[in-house]
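Source file: data.cif. Holds: mmCIF, C-alpha atoms.
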```cif
data_query
#
loop_
_atom_site.group_PDB
_atom_site.id
_atom_site.type_symbol
_atom_site.label_atom_id
_atom_site.label_comp_id
_atom_site.auth_asym_id
_atom_site.auth_seq_id
_atom_site.Cartn_x
_atom_site.Cartn_y
_atom_site.Cartn_z
ATOM 1 C CA MET A 1 -84.499 -28.571 -12.977
ATOM 2 C CA GLU A 2 -84.487 -27.066 -9.509
ATOM 3 C CA LYS A 3 -83.417 -23.498 -9.010
ATOM 4 C CA LYS A 4 -80.387 -24.348 -6.898
ATOM 5 C CA ILE A 5 -79.107 -26.800 -9.500
ATOM 6 C CA LEU A 6 -78.958 -23.942 -12.000
ATOM 7 C CA ASP A 7 -76.644 -22.039 -9.663
ATOM 8 C CA TYR A 8 -74.428 -25.089 -9.194
ATOM 9 C CA THR A 9 -74.064 -25.663 -12.953
ATOM 10 C CA LEU A 10 -74.382 -22.383 -14.877
ATOM 11 C CA VAL A 11 -72.423 -20.188 -12.472
ATOM 12 C CA PRO A 12 -69.230 -22.334 -12.374
ATOM 13 C CA PHE A 13 -69.464 -22.889 -16.125
ATOM 14 C CA GLY A 14 -69.764 -19.155 -16.800
ATOM 15 C CA LEU A 15 -66.820 -18.346 -14.535
ATOM 16 C CA ALA A 16 -64.805 -21.128 -16.199
ATOM 17 C CA ILE A 17 -65.415 -19.498 -19.591
ATOM 18 C CA MET A 18 -64.128 -16.170 -18.281
ATOM 19 C CA VAL A 19 -61.042 -17.708 -16.651
ATOM 20 C CA ALA A 20 -60.248 -19.900 -19.679
ATOM 21 C CA TYR A 21 -60.419 -16.911 -22.013
ATOM 22 C CA HIS A 22 -58.002 -14.868 -19.898
ATOM 23 C CA ILE A 23 -55.587 -17.805 -19.628
ATOM 24 C CA TRP A 24 -55.646 -18.072 -23.422
ATOM 25 C CA LEU A 25 -55.150 -14.295 -23.722
ATOM 26 C CA LEU A 26 -52.173 -14.384 -21.345
ATOM 27 C CA HIS A 27 -50.570 -17.182 -23.369
ATOM 28 C CA ARG A 28 -51.093 -15.207 -26.563
ATOM 29 C CA ILE A 29 -49.609 -12.046 -25.047
ATOM 30 C CA PHE A 30 -46.420 -13.904 -24.084
ATOM 31 C CA HIS A 31 -45.964 -15.821 -27.328
ATOM 32 C CA LYS A 32 -47.621 -13.628 -29.998
ATOM 33 C CA PRO A 33 -47.648 -10.094 -28.605
ATOM 34 C CA SER A 34 -48.108 -8.356 -31.956
ATOM 35 C CA LYS A 35 -51.413 -10.208 -32.359
ATOM 36 C CA THR A 36 -52.863 -8.627 -29.203
ATOM 37 C CA VAL A 37 -53.623 -5.004 -28.382
ATOM 38 C CA ILE A 38 -51.897 -5.303 -24.999
ATOM 39 C CA GLY A 39 -48.725 -6.665 -26.590
ATOM 40 C CA VAL A 40 -48.660 -4.000 -29.294
ATOM 41 C CA ASN A 41 -49.079 -1.234 -26.725
ATOM 42 C CA THR A 42 -46.320 -2.748 -24.581
ATOM 43 C CA ILE A 43 -43.859 -2.742 -27.473
ATOM 44 C CA ASN A 44 -44.740 0.800 -28.504
ATOM 45 C CA ARG A 45 -44.409 2.098 -24.939
ATOM 46 C CA ARG A 46 -40.789 0.931 -24.902
ATOM 47 C CA PHE A 47 -40.033 2.987 -28.007
ATOM 48 C CA TRP A 48 -41.989 5.931 -26.588
ATOM 49 C CA VAL A 49 -39.976 5.936 -23.355
ATOM 50 C CA ARG A 50 -36.700 5.861 -25.292
ATOM 51 C CA ALA A 51 -37.869 8.748 -27.497
ATOM 52 C CA MET A 52 -38.902 10.811 -24.478
ATOM 53 C CA MET A 53 -35.610 10.213 -22.653
ATOM 54 C CA GLU A 54 -33.422 11.091 -25.608
ATOM 55 C CA ASP A 55 -34.190 14.793 -25.133
ATOM 56 C CA PRO A 56 -35.747 15.521 -21.702
ATOM 57 C CA SER A 57 -35.571 19.293 -22.168
ATOM 58 C CA LYS A 58 -37.747 19.045 -25.282
ATOM 59 C CA ASN A 59 -40.031 16.120 -24.430
ATOM 60 C CA GLY A 60 -40.150 16.419 -20.634
ATOM 61 C CA VAL A 61 -43.449 18.313 -20.504
ATOM 62 C CA LEU A 62 -45.107 15.885 -22.922
ATOM 63 C CA ALA A 63 -43.906 12.887 -20.914
ATOM 64 C CA VAL A 64 -45.106 14.311 -17.591
ATOM 65 C CA GLN A 65 -48.503 15.236 -19.057
ATOM 66 C CA THR A 66 -48.918 11.725 -20.425
ATOM 67 C CA MET A 67 -48.036 10.205 -17.063
ATOM 68 C CA ARG A 68 -50.445 12.613 -15.370
ATOM 69 C CA ASN A 69 -53.276 11.541 -17.675
ATOM 70 C CA ASN A 70 -52.582 7.897 -16.859
ATOM 71 C CA ILE A 71 -52.525 8.657 -13.139
ATOM 72 C CA MET A 72 -55.852 10.483 -13.436
ATOM 73 C CA ALA A 73 -57.405 7.497 -15.233
ATOM 74 C CA SER A 74 -56.166 5.093 -12.552
ATOM 75 C CA THR A 75 -57.322 7.451 -9.804
ATOM 76 C CA LEU A 76 -60.811 7.603 -11.301
ATOM 77 C CA LEU A 77 -61.093 3.806 -11.420
ATOM 78 C CA ALA A 78 -59.679 3.452 -7.902
ATOM 79 C CA SER A 79 -62.133 6.014 -6.513
ATOM 80 C CA THR A 80 -65.033 4.333 -8.296
ATOM 81 C CA ALA A 81 -63.989 0.908 -7.012
ATOM 82 C CA ILE A 82 -63.716 1.951 -3.369
ATOM 83 C CA MET A 83 -67.015 3.844 -3.594
ATOM 84 C CA LEU A 84 -68.816 0.802 -5.009
ATOM 85 C CA SER A 85 -67.154 -1.398 -2.385
ATOM 86 C CA SER A 86 -68.553 0.834 0.340
ATOM 87 C CA LEU A 87 -71.993 0.691 -1.276
ATOM 88 C CA ILE A 88 -71.945 -3.107 -1.455
ATOM 89 C CA ALA A 89 -70.772 -3.298 2.164
ATOM 90 C CA VAL A 90 -73.712 -1.117 3.213
ATOM 91 C CA LEU A 91 -76.126 -3.354 1.318
ATOM 92 C CA MET A 92 -74.659 -6.446 2.956
ATOM 93 C CA THR A 93 -74.961 -5.027 6.477
ATOM 94 C CA SER A 94 -78.407 -3.467 5.970
ATOM 95 C CA GLY A 95 -81.686 -5.163 6.772
ATOM 96 C CA THR A 96 -81.965 -8.639 5.241
ATOM 97 C CA ASN A 97 -85.450 -9.614 6.282
ATOM 98 C CA ASN A 98 -87.093 -8.972 2.927
ATOM 99 C CA ARG A 99 -84.420 -10.345 0.620
ATOM 100 C CA SER A 100 -85.940 -13.807 0.502
ATOM 101 C CA THR A 101 -89.179 -12.344 -0.854
ATOM 102 C CA TRP A 102 -87.631 -11.249 -4.164
ATOM 103 C CA ASN A 103 -89.864 -12.917 -6.753
ATOM 104 C CA PHE A 104 -87.839 -11.870 -9.817
ATOM 105 C CA VAL A 105 -84.798 -13.953 -8.844
ATOM 106 C CA TYR A 106 -84.848 -17.318 -10.624
ATOM 107 C CA GLY A 107 -82.251 -19.243 -8.689
ATOM 108 C CA ASP A 108 -80.935 -19.539 -5.179
ATOM 109 C CA ASP A 109 -82.535 -16.657 -3.246
ATOM 110 C CA SER A 110 -81.611 -17.809 0.242
ATOM 111 C CA GLU A 111 -79.885 -15.523 2.719
ATOM 112 C CA LEU A 112 -76.601 -17.413 2.360
ATOM 113 C CA GLY A 113 -76.786 -17.317 -1.433
ATOM 114 C CA LEU A 114 -77.421 -13.582 -1.544
ATOM 115 C CA SER A 115 -74.597 -12.954 0.916
ATOM 116 C CA ILE A 116 -72.198 -14.937 -1.293
ATOM 117 C CA LYS A 117 -73.270 -12.920 -4.343
ATOM 118 C CA PHE A 118 -72.738 -9.576 -2.649
ATOM 119 C CA PHE A 119 -69.431 -10.713 -1.176
ATOM 120 C CA SER A 120 -68.185 -11.803 -4.617
ATOM 121 C CA ILE A 121 -68.971 -8.369 -6.052
ATOM 122 C CA LEU A 122 -67.266 -6.725 -3.074
ATOM 123 C CA VAL A 123 -64.102 -8.775 -3.643
ATOM 124 C CA CYS A 124 -64.025 -7.743 -7.326
ATOM 125 C CA PHE A 125 -64.199 -4.054 -6.487
ATOM 126 C CA LEU A 126 -61.582 -4.342 -3.745
ATOM 127 C CA VAL A 127 -59.220 -6.135 -6.123
ATOM 128 C CA ALA A 128 -59.836 -3.438 -8.732
ATOM 129 C CA PHE A 129 -59.000 -0.778 -6.137
ATOM 130 C CA LEU A 130 -55.723 -2.469 -5.169
ATOM 131 C CA PHE A 131 -54.642 -2.940 -8.779
ATOM 132 C CA ASN A 132 -55.340 0.692 -9.649
ATOM 133 C CA VAL A 133 -53.442 1.890 -6.582
ATOM 134 C CA GLN A 134 -50.426 -0.110 -7.758
ATOM 135 C CA SER A 135 -50.855 1.416 -11.209
ATOM 136 C CA ILE A 136 -50.716 4.907 -9.684
ATOM 137 C CA ARG A 137 -47.571 3.885 -7.801
ATOM 138 C CA TYR A 138 -45.688 2.800 -10.932
ATOM 139 C CA TYR A 139 -46.859 5.771 -12.993
ATOM 140 C CA SER A 140 -45.740 8.152 -10.239
ATOM 141 C CA HIS A 141 -42.272 6.595 -10.209
ATOM 142 C CA ALA A 142 -42.049 6.672 -14.000
ATOM 143 C CA SER A 143 -43.064 10.344 -14.171
ATOM 144 C CA ILE A 144 -39.822 11.225 -12.340
ATOM 145 C CA LEU A 145 -37.537 8.656 -13.929
ATOM 146 C CA ILE A 146 -38.568 9.508 -17.478
ATOM 147 C CA ASN A 147 -37.013 12.988 -17.158
ATOM 148 C CA VAL A 148 -33.610 11.671 -16.099
ATOM 149 C CA PRO A 149 -31.002 12.741 -18.719
ATOM 150 C CA PHE A 150 -29.578 9.259 -19.181
ATOM 151 C CA LYS A 151 -27.019 10.333 -21.787
ATOM 152 C CA LYS A 152 -25.097 12.245 -19.103
ATOM 153 C CA MET A 153 -25.119 9.456 -16.556
ATOM 154 C CA SER A 154 -22.545 7.238 -18.187
ATOM 155 C CA PRO A 155 -20.669 7.271 -21.497
ATOM 156 C CA GLN A 156 -21.021 3.508 -21.808
ATOM 157 C CA PRO A 157 -23.814 2.427 -24.189
ATOM 158 C CA HIS A 158 -25.009 -0.509 -22.079
ATOM 159 C CA HIS A 159 -25.735 1.807 -19.132
ATOM 160 C CA GLU A 160 -27.922 3.882 -21.402
ATOM 161 C CA HIS A 161 -29.855 0.788 -22.468
ATOM 162 C CA LEU A 162 -30.400 -0.383 -18.881
ATOM 163 C CA THR A 163 -31.747 3.027 -17.870
ATOM 164 C CA THR A 164 -34.374 3.159 -20.609
ATOM 165 C CA GLU A 165 -35.342 -0.454 -19.998
ATOM 166 C CA TYR A 166 -35.865 0.218 -16.300
ATOM 167 C CA VAL A 167 -38.147 3.180 -16.984
ATOM 168 C CA SER A 168 -40.080 1.326 -19.669
ATOM 169 C CA ARG A 169 -40.639 -1.545 -17.240
ATOM 170 C CA SER A 170 -42.129 0.886 -14.730
ATOM 171 C CA VAL A 171 -44.442 2.365 -17.357
ATOM 172 C CA ASN A 172 -45.490 -1.055 -18.630
ATOM 173 C CA ARG A 173 -46.116 -2.373 -15.134
ATOM 174 C CA GLY A 174 -48.356 0.605 -14.424
ATOM 175 C CA SER A 175 -50.276 -0.200 -17.586
ATOM 176 C CA TYR A 176 -50.500 -3.889 -16.639
ATOM 177 C CA PHE A 177 -51.980 -3.083 -13.242
ATOM 178 C CA TRP A 178 -54.418 -0.665 -14.852
ATOM 179 C CA SER A 179 -55.532 -3.399 -17.260
ATOM 180 C CA LEU A 180 -55.919 -5.870 -14.390
ATOM 181 C CA GLY A 181 -58.019 -3.361 -12.470
ATOM 182 C CA LEU A 182 -60.213 -2.877 -15.527
ATOM 183 C CA ARG A 183 -60.580 -6.665 -15.849
ATOM 184 C CA ALA A 184 -61.784 -6.786 -12.253
ATOM 185 C CA PHE A 185 -64.532 -4.349 -13.245
ATOM 186 C CA TYR A 186 -65.402 -6.617 -16.157
ATOM 187 C CA PHE A 187 -65.688 -9.592 -13.816
ATOM 188 C CA SER A 188 -68.108 -7.644 -11.634
ATOM 189 C CA PHE A 189 -70.723 -7.437 -14.420
ATOM 190 C CA PRO A 190 -71.649 -11.155 -14.482
ATOM 191 C CA LEU A 191 -71.412 -11.302 -10.697
ATOM 192 C CA PHE A 192 -73.836 -8.407 -10.444
ATOM 193 C CA LEU A 193 -76.266 -10.129 -12.811
ATOM 194 C CA TRP A 194 -75.913 -13.245 -10.678
ATOM 195 C CA ILE A 195 -78.131 -11.435 -8.154
ATOM 196 C CA PHE A 196 -80.975 -11.811 -10.669
ATOM 197 C CA GLY A 197 -80.256 -15.486 -11.253
ATOM 198 C CA PRO A 198 -77.712 -17.819 -12.861
ATOM 199 C CA ILE A 199 -79.178 -17.529 -16.371
ATOM 200 C CA PRO A 200 -78.463 -13.772 -16.798
ATOM 201 C CA MET A 201 -75.046 -14.347 -15.264
ATOM 202 C CA PHE A 202 -74.155 -17.095 -17.734
ATOM 203 C CA VAL A 203 -75.424 -15.098 -20.711
ATOM 204 C CA CYS A 204 -73.369 -12.102 -19.551
ATOM 205 C CA CYS A 205 -70.208 -14.261 -19.356
ATOM 206 C CA VAL A 206 -70.666 -15.453 -22.942
ATOM 207 C CA VAL A 207 -71.410 -11.966 -24.272
ATOM 208 C CA LEU A 208 -68.538 -10.419 -22.298
ATOM 209 C CA VAL A 209 -65.996 -12.948 -23.561
ATOM 210 C CA SER A 210 -67.155 -12.379 -27.143
ATOM 211 C CA MET A 211 -66.813 -8.623 -26.724
ATOM 212 C CA LEU A 212 -63.387 -8.847 -25.055
ATOM 213 C CA TYR A 213 -62.102 -11.081 -27.841
ATOM 214 C CA PHE A 214 -62.646 -8.352 -30.429
ATOM 215 C CA LEU A 215 -61.174 -5.734 -28.069
ATOM 216 C CA ASP A 216 -58.039 -7.728 -27.160
ATOM 217 C CA VAL A 217 -57.064 -9.459 -30.399
ATOM 218 C CA THR A 218 -55.784 -7.826 -33.563
ATOM 219 C CA PHE A 219 -55.102 -9.566 -36.854
ATOM 220 C CA GLU A 220 -53.159 -6.699 -38.429
ATOM 221 C CA CYS A 221 -49.370 -6.673 -38.434
ATOM 222 C CA GLY A 222 -47.106 -3.671 -38.208
ATOM 223 C CA TRP A 223 -48.933 -1.822 -35.420
ATOM 224 C CA ALA A 224 -45.861 -2.025 -33.227
ATOM 225 C CA ALA A 225 -42.953 0.247 -34.028
ATOM 226 C CA GLY A 226 -40.131 -1.613 -35.712
ATOM 227 C CA ILE A 227 -42.270 -4.592 -36.783
ATOM 228 C CA SER A 228 -42.477 -5.057 -40.522
ATOM 229 C CA ASP A 229 -43.953 -8.568 -40.520
ATOM 230 C CA CYS A 230 -45.768 -10.971 -38.239
ATOM 231 C CA ASP A 231 -42.674 -12.466 -36.620
ATOM 232 C CA ASP A 232 -42.990 -12.168 -32.832
ATOM 233 C CA GLU A 233 -39.926 -14.069 -31.708
ATOM 234 C CA GLU A 234 -37.845 -11.001 -30.855
ATOM 235 C CA PHE A 235 -40.729 -9.122 -29.236
ATOM 236 C CA ILE A 236 -41.765 -11.543 -26.525
ATOM 237 C CA VAL A 237 -43.480 -9.586 -23.749
ATOM 238 C CA ALA A 238 -41.921 -11.593 -20.950
ATOM 239 C CA PRO A 239 -41.269 -9.774 -17.681
ATOM 240 C CA ASN A 240 -37.686 -8.570 -17.462
ATOM 241 C CA PRO A 241 -35.713 -9.457 -14.341
ATOM 242 C CA VAL A 242 -35.260 -6.599 -11.895
#
```
Translate this structure into structure tokens?
Amino acid sequence: MEKKILDYTLVPFGLAIMVAYHIWLLHRIFHKPSKTVIGVNTINRRFWVRAMMEDPSKNGVLAVQTMRNNIMASTLLASTAIMLSSLIAVLMTSGTNNRSTWNFVYGDDSELGLSIKFFSILVCFLVAFLFNVQSIRYYSHASILINVPFKKMSPQPHHEHLTTEYVSRSVNRGSYFWSLGLRAFYFSFPLFLWIFGPIPMFVCCVVLVSMLYFLDVTFECGWAAGISDCDDEEFIVAPNPV
């Protein structure tokens, strides 16, 4: 089999495995949230926001510190992503005369092929940077809203419910963007190994999907507050209308 044929077969197949797994994970998050770590954390964050807003004078410092820790985590990933993007851009614009002489690359080692590989990694890091910036945005908004004394805003119970739901949506959206930014980093691993050939890239896709499966899926029930069994019908993690 020619080297270029390996790139045309193994690379799309490896990327298809990654995309298919995340489509399956998204479907599971929407329909069986208590069976996924993301869904369980989403449900528990709603209860945490309500608990923090019930007594802002007592829990305000704890809430702000938690938001600050999340902002610091997103800032670290955003800084790392933009730094790596700059590094990849420098490698792409540097001298390219000796790239075709790499003897350890078993696959397409042409100038166009190497440029596509570096550009794919650059896109991953830029996407990770944008997602983490959006995460910082939502966490910054939530850090102010979570200290609003909602009990004094309106005596009507439904106003109280809408206020806590709005804040919990902001916190959950910040967490979603942080998770998406982290997934962009995950996607960069097989793309980086693609530089060394399609075989390491394909093996990395299989290993990464296997690892993510055990990190994303949980088979235990009752992790989420208020869940006593495995029934997920009332805890669907569908996006609430704004």
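The space between CA of Val133 (chain A) and CA of Trp24 (chain A) spans 26.2 Å.
If you look at CA of Ile17 (chain A) and CA of Leu193 (chain A), they are 15.9 Å away from each other.
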Quiz item: CA of Ser135 (chain A) and CA of Leu208 (chain A), how far apart in Å?
Solution: 24.0 Å
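Considering all atoms listed in the file, the residue among A:Met83, A:Ala78, A:Ile146, A:Leu191 positioned nearest to Phe119 (chain A) is A:Leu191.
If you measure from each of A:Leu145, A:Met211, A:Leu77, A:Leu84 to Gly181 (chain A) using all atoms listed in the file, the closest one turns out to be A:Leu77.
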Find the axis-aligned box for region 108-126 of chain A, covering all its listed atoms and adding 3 Å on each side, and write its centre and edge lengths in Å to one decimal as JSON.
```
{"center_x": -72.1, "center_y": -11.8, "center_z": -2.3, "size_x": 27.0, "size_y": 21.5, "size_z": 16.0}
```
Quiz prompt | Residue contacts of Cys205 (chain A) (12 Å, all atoms listed in the file) excluding same-chain residues fewer than 5 positions away, as a VMD selection string | solution = chain A and resid 10 to 21 186 to 194 198 to 200 210 to 212
Quiz item: If you apply the PyMOL selection byres ((chain A and resi 55-71) around 8) to this file, what residues do you get, as a PyMOL selection string?
Solution: chain A and resi 51-54+72-75+135-136+139-140+142-143+146-149
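Shortest separation to Ser85 (chain A) among A:Ser120, A:Ser110, A:Ser115, A:Asn41 occurs at residue A:Ser120, atoms counted being all atoms listed in the file.
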Exercise. List the residues matched by the PyMOL selection byres ((chain A and resi 86) around 12) in the displayed structure as a ChimeraX atom specification, ordered by chain and then by residue number.
Key: /A:79-85,87-93,118-119,121-123,125-126,129
